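Data first, discussion second: the structure below is written as structure tokens.
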Amino acid sequence: MATNLDEQHVRLTFSNAWSAVKWDAPASDPPPHPYRDGIEHLKGELDGASESTKAVDVVAVSPAGCLYLIELKDFRTDYAAGGVPRALAFGTRWKDLPLEVALKVRDTLAGVCGVLQRDSPATIAEWIKPALGKPVRVVALIAQTKRASETAAKRTIRNDELLKNLRRKLAWLTENRRHVLMLDPGASQSFPTDLDGLSAASLP
Amino acid sequence: MALARLTVQRFTAFENAQFDFAGGVNAFVGVNGTGKSHVLKLLYVLHETARQHRNPRDAGGAEAVEVILERLLAETFRPDAIGRLVRRTGKGQKTAHVEASWRDEGGESTLRFSLTHRGGLKARWSNQSPAEQPAAFRMPVDQPAVFLPTREVLSFFRGFVALYDTYKVDFDRTYRDICQLLALPPLRGARLADRRALLEPLEAALGGTVSIANGGFYVRLADGDMEASLVAEGLRKIAMLVYLVVNGSLADRSMLLWDEPEASINPALASLLAETALTLASQGIQVILATHDYAFASELSLRVERASEGGADDDAHAFFGLQRAGDGRREVERARFFTSLQTNPILDALAALHDRELAPAAAED
């Protein structure tokens with residue numbers, strides 16, 4: 001059976017060949033809450049500064065048995081919320097995005113180790129275990145509004161730069177360019193074959 | 001032998017740095033003033049010292065290594081006095097130490113020199129061979145290094161070597177030496193035919209071939225010859241490359257030191273430049289270059305990554321990031337790919353540009 005996971009205004013649908021969980025599911029969602037019941041408890045103050053952990057949106061294992069960490073950022077202006085255009089937030093945070101995603105990957109991998117170590121929830125540990133020993137893949141899904149003032153070439157360069165900076169921040173994990181992907185789930189582009197069985201659709 | 005390692009202490013911008021070179025293409029990135037061009041020039045001096053000092057065990061009849069080294073340091077870096085090349089921090093006498101090692105399966109040869117801030121220069125060779133082989137000294141290099149400066153030289157080539165050798169002119173030695181290499185006649189027959197695969201894309205970008213006549217360069221276009229000085233500056237740089245391939249200067253066992261390949265050249269040719277660097281490396285030429293260009297660095301890295309995915313030697317090529325530390329020292333980072341470099345001012349600059357572009361643009365959309 002396919003798994004639907006909603007994040008912001010995007011629905012990710014995983015075919016039944018995938019296993020997937022909303023890693024940072026809020027307490028209001030039905031269980032499991034692997035992040036909130038796990039590594040999120042690691043927090044406190046150190047030298048007067050607050051310390052905590054971060055989490056990607058989705059952890060999944062592909063039909064090929066590879067562990068995927070998926071982060072979604074929805075910056076479309078037509079989904080502006082709270083009176084603040086998302087594109088403005090997107091613009092002001094452009095430089096920070098690669099580091100933000102990379103830190104979430106770091107903490108999620110630590111959280112995954114915790115789940116496996118404690119075997120809790122056992123259902124998640126069961127389908128993650130076979131992925132151990134295979135390269136970890138990271139997918140950043142960045143939904144953007146096409147800006148009237150921006151040419152397609154400019155947008156390509158901007159996205160290429162973001163992907164390169166994301167790869168740079170994840171070089172400690174993998175230097176394989178195929179293991180770090182950046183896609184726009186709102187654009188009419190097909191996902192690479194490694195992601196067969198995964199689709200994205202906008203929610204109303 | 002290929003250059004394997006360079007260590008520098010208190011030399012120009014460098015307090016203490018080590019570079020472990022790959023046998024293929026080595027690319028430096030760093031903001032202005034981090035020492036990229038100084039490394040290229042120092043490598044040129046060391047390579048040419050090694051080549052010109054043909055008989056290290058018998059100084060009779062040959063110039064002492066210090067004499068060659070002093071001349072090359074002075075003419076390549078052009079300081080008021082060579083002691084100025086010693087990094088000055090704090091009080092007291094300072095001495096720079098530089099060591100370059102060339103390596104192959106038969107062993108390792110090392111050239112070391114020390115230089116005081118008063119100009120005192122001492123140099124010596126050492127040699128290491130595998131235990132099972134007798135320790136016979138071998139010169140590490142026999143082909144001239146090719147130093148391609150940021151500017152082209154075809155437009156002032158005519159008579160430049162004689163001018164340089166006769167008068168004091170405000171050009172460093174690399175300009176003289178590249179002109180001397182360009183003065184060599186073209187190869188003929190099979191030796192030139194072997195280079196067709198490298199030449200064809202360069203000549204296609206140039207729109208013609210390169211010839212030398214009456215002491216000057218011409219680009220032979222479909223509608224006739226054109227003086228090099230009338231050709232666009234970026235194309236003159238391509239023409240230099242073409243002719244250095246045509247006359248065999250860029251040949252097996254040589255070293256190409258390439259300062260900002262992209263300077264004056266449209267980013268549309270970044271792919272060609274990257275392909276050329278890697279093709280030269282595949283033909284046995286060690287390439288060491290410095291770049292500020294996003295397109296060129298990306299094209300180069302993409303090819304290296306694809307080769308790695310195809311099973312090529314992971315250590316065949318290398319990227320180096322240079323940065324200035326808070327106390328003024330230079331720090332060196334080595335990585336397999338452009339995107340693996342944490343010291344990456346090219347990516348930082350582009351991200352900062354997009355940051356600025358997006359913030360005001362959001363209000364318009």
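Here's how to read the names in the structure tokens: chain A, B, ... by the order shown, residue numbers from 1 in each chain, ligand numbers from 1 in the order shown.
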Using only C-alpha atoms and a distance of at most 12 Å, pull out the residues of chain B that contact chain A, as a count of residues only. 46
Considering only C-alpha atoms, return as a list in words whatever protein or nucleic-acid residues lie within 8 Å of B:Asn247, sequence-local ones (same chain, fewer than 4 positions apart) excluded. Leu182, Leu184, Pro185, Pro186, Leu187 and Tyr243 of chain B
What residues in stretch 2-183 of chain A get the DSSP label strand (DSSP E)? Please answer as JSON, numbers by chain. {"A": [3, 4, 5, 6, 7, 10, 11, 12, 13, 14, 19, 20, 21, 22, 44, 45, 46, 49, 50, 51, 58, 59, 60, 61, 67, 68, 69, 70, 71, 72, 73, 74, 75, 137, 138, 139, 140, 141, 142, 143, 144, 180, 181, 182, 183]}
Counting only C-alpha atoms, which residue out of A:Leu42, A:Val101, A:Ala153, A:Met182 sits closest to A:Asp57?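 Under the stated criterion, the closest residue is A:Val101.
Excluding A:Thr123 itself and any same-chain residue fewer than 4 positions from it, the protein and nucleic acid residues within 12 Å of it, counting only C-alpha atoms, are Ser19, Ala20, Val21, Pro31, Pro32, His33, Pro34, Val115, Leu116, Arg118, Asp119, Trp127, Ile128 and Lys129 of chain A.
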When distances are computed from only C-alpha atoms, which of A:Val59, A:Leu198, A:Cys113, A:Leu141 shows the smallest separation from A:Leu97? A:Leu141
Here is a test: counting only C-alpha atoms, which residue of B:Gly24, B:Gly35, B:Gly215, B:Gly119 is nearest to B:Leu69?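 For B:Leu69, the nearest of the given residues is B:Gly119.
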Within 12 Å of stretch 108-111 of chain A, counting only C-alpha atoms, which residues qualify if same-chain residues fewer than 3 places away don't, as a ChimeraX atom specification? /A:22-24,33-42,53-60,67-71,101-105,114-121,124-125,128,132,136-138,173
Serialized selection, N, CA and C atoms, as a compact mmCIF listing (two decimals), in the first residue's frame:
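Just written: out_9.txt:
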```
# COMPACT_ATOMS: atom_id res chain seq x y z
N LYS A 22 7.38 9.81 8.59
CA LYS A 22 7.55 11.24 8.82
C LYS A 22 8.38 11.38 10.09
N TRP A 23 9.65 11.63 9.89
CA TRP A 23 10.61 11.56 10.99
C TRP A 23 10.31 12.58 12.08
N ASP A 24 9.94 13.80 11.66
CA ASP A 24 9.71 14.86 12.66
C ASP A 24 8.21 15.06 12.94
N HIS A 33 6.53 8.61 16.49
CA HIS A 33 7.19 9.91 16.55
C HIS A 33 8.68 9.67 16.81
N PRO A 34 9.37 9.13 15.83
CA PRO A 34 10.76 8.69 16.09
C PRO A 34 11.68 9.81 16.57
N TYR A 35 11.47 11.03 16.07
CA TYR A 35 12.33 12.12 16.52
C TYR A 35 11.93 12.59 17.91
N ARG A 36 10.63 12.84 18.07
CA ARG A 36 10.18 13.42 19.34
C ARG A 36 10.34 12.44 20.50
N ASP A 37 10.20 11.13 20.21
CA ASP A 37 10.38 10.16 21.28
C ASP A 37 11.85 9.74 21.41
N GLY A 38 12.67 10.24 20.55
CA GLY A 38 14.07 9.81 20.56
C GLY A 38 15.04 10.95 20.80
N ILE A 39 15.82 11.31 19.81
CA ILE A 39 16.95 12.22 20.01
C ILE A 39 16.51 13.64 20.35
N GLU A 40 15.23 13.96 20.15
CA GLU A 40 14.81 15.31 20.52
C GLU A 40 15.00 15.56 22.02
N HIS A 41 15.03 14.48 22.81
CA HIS A 41 15.22 14.65 24.25
C HIS A 41 16.62 15.15 24.60
N LEU A 42 17.53 15.07 23.64
CA LEU A 42 18.89 15.57 23.88
C LEU A 42 18.89 17.08 23.74
N THR A 53 18.69 19.47 19.03
CA THR A 53 18.93 18.75 17.77
C THR A 53 17.88 19.15 16.74
N LYS A 54 18.16 18.78 15.51
CA LYS A 54 17.25 19.09 14.40
C LYS A 54 16.84 17.78 13.73
N ALA A 55 15.89 17.88 12.82
CA ALA A 55 15.40 16.66 12.16
C ALA A 55 14.98 16.94 10.74
N VAL A 56 15.26 16.02 9.83
CA VAL A 56 14.71 16.13 8.48
C VAL A 56 13.23 15.76 8.53
N ASP A 57 12.53 15.96 7.43
CA ASP A 57 11.09 15.70 7.43
C ASP A 57 10.77 14.21 7.31
N VAL A 58 11.50 13.53 6.43
CA VAL A 58 11.14 12.14 6.13
C VAL A 58 12.39 11.26 6.11
N VAL A 59 12.27 10.08 6.68
CA VAL A 59 13.31 9.04 6.54
C VAL A 59 12.66 7.90 5.78
N ALA A 60 13.36 7.40 4.76
CA ALA A 60 12.78 6.36 3.94
C ALA A 60 13.86 5.37 3.49
N LEU A 67 19.06 4.07 2.34
CA LEU A 67 18.45 5.00 3.29
C LEU A 67 18.41 6.40 2.69
N TYR A 68 17.22 7.00 2.69
CA TYR A 68 17.03 8.36 2.18
C TYR A 68 16.59 9.28 3.31
N LEU A 69 17.27 10.43 3.39
CA LEU A 69 16.85 11.49 4.31
C LEU A 69 16.29 12.60 3.43
N ILE A 70 15.04 12.97 3.64
CA ILE A 70 14.36 13.90 2.74
C ILE A 70 13.91 15.13 3.51
N GLU A 71 14.30 16.28 3.00
CA GLU A 71 13.92 17.54 3.62
C GLU A 71 13.14 18.36 2.60
N VAL A 101 20.11 22.27 6.23
CA VAL A 101 19.78 20.90 5.82
C VAL A 101 20.86 19.93 6.29
N ALA A 102 22.12 20.34 6.17
CA ALA A 102 23.22 19.43 6.55
C ALA A 102 23.19 19.14 8.05
N LEU A 103 22.86 20.14 8.86
CA LEU A 103 22.77 19.89 10.30
C LEU A 103 21.61 18.96 10.62
N LYS A 104 20.51 19.10 9.89
CA LYS A 104 19.37 18.19 10.09
C LYS A 104 19.78 16.76 9.73
N VAL A 105 20.57 16.63 8.65
CA VAL A 105 21.04 15.30 8.24
C VAL A 105 21.91 14.71 9.34
N GLY A 114 20.09 5.93 17.20
CA GLY A 114 19.38 5.73 18.46
C GLY A 114 18.22 4.77 18.30
N VAL A 115 17.46 4.93 17.24
CA VAL A 115 16.32 4.04 16.99
C VAL A 115 16.80 2.60 16.83
N LEU A 116 17.88 2.43 16.07
CA LEU A 116 18.40 1.07 15.85
C LEU A 116 18.94 0.47 17.14
N GLN A 117 19.62 1.31 17.92
CA GLN A 117 20.23 0.83 19.16
C GLN A 117 19.16 0.38 20.15
N ARG A 118 18.08 1.18 20.22
CA ARG A 118 17.05 0.88 21.22
C ARG A 118 15.96 -0.01 20.65
N ASP A 119 16.06 -0.20 19.30
CA ASP A 119 15.05 -0.98 18.59
C ASP A 119 13.65 -0.44 18.88
N SER A 120 13.57 0.88 18.86
CA SER A 120 12.29 1.50 19.17
C SER A 120 12.09 2.75 18.33
N PRO A 121 11.03 2.85 17.57
CA PRO A 121 10.00 1.82 17.40
C PRO A 121 10.55 0.64 16.57
N ILE A 124 10.14 0.57 12.71
CA ILE A 124 11.05 1.39 11.91
C ILE A 124 12.43 0.75 11.86
N ALA A 125 12.92 0.31 13.02
CA ALA A 125 14.24 -0.32 13.06
C ALA A 125 14.29 -1.51 12.11
N ILE A 128 14.83 -0.18 8.55
CA ILE A 128 16.06 0.59 8.35
C ILE A 128 17.29 -0.32 8.39
N LEU A 132 21.68 -0.51 6.37
CA LEU A 132 23.00 -0.23 6.95
C LEU A 132 24.09 -0.77 6.04
N VAL A 136 24.22 6.50 2.27
CA VAL A 136 23.05 7.29 2.64
C VAL A 136 22.81 8.33 1.54
N ARG A 137 21.55 8.55 1.18
CA ARG A 137 21.19 9.54 0.16
C ARG A 137 20.43 10.68 0.85
N VAL A 138 20.65 11.88 0.35
CA VAL A 138 19.96 13.05 0.87
C VAL A 138 19.21 13.71 -0.28
N LEU A 173 29.79 13.48 4.73
CA LEU A 173 28.99 12.25 4.65
C LEU A 173 29.23 11.51 3.34
```
Hey, can you check how far atom CA of B:Ser264 sits from atom CA of B:Ala222? 23.8 Å
DSSP-assigned helix (DSSP H, G or I) members of stretch 45-196 of chain A, reported as a count of residues only: 69
Residue nearest A:Leu203 - candidates A:Gln8, A:Gln144, A:Ser52, A:Thr151, atoms counted: only C-alpha atoms: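 Counting only C-alpha atoms, the residue closest to A:Leu203 is A:Gln8.
Note that atom CA of B:Leu272 and atom CA of B:Leu42 are 27.2 Å apart.
Here atom CA of A:Ala131 stands at a distance of 18.4 Å from atom CA of A:Thr193.
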Considering only C-alpha atoms, return as a PyMOL selection string whatever protein or nucleic-acid residues lie within 8 Å of B:His47, sequence-local ones (same chain, fewer than 6 positions apart) excluded. chain B and resi 141+144-145
Could you please take those selected residues and save N, CA and C atoms as a CSV table (one decimal), in the first residue's frame?
```csv
chain,number,residue,atom,x,y,z
B,141,VAL,N,63.3,15.8,-13.4
B,141,VAL,CA,62.6,16.3,-14.5
B,141,VAL,C,63.6,16.5,-15.7
B,144,PRO,N,61.1,21.1,-20.0
B,144,PRO,CA,60.8,22.4,-19.4
B,144,PRO,C,59.4,22.5,-18.9
B,145,ALA,N,59.2,23.2,-17.8
B,145,ALA,CA,57.8,23.5,-17.3
B,145,ALA,C,57.3,24.6,-18.2
```
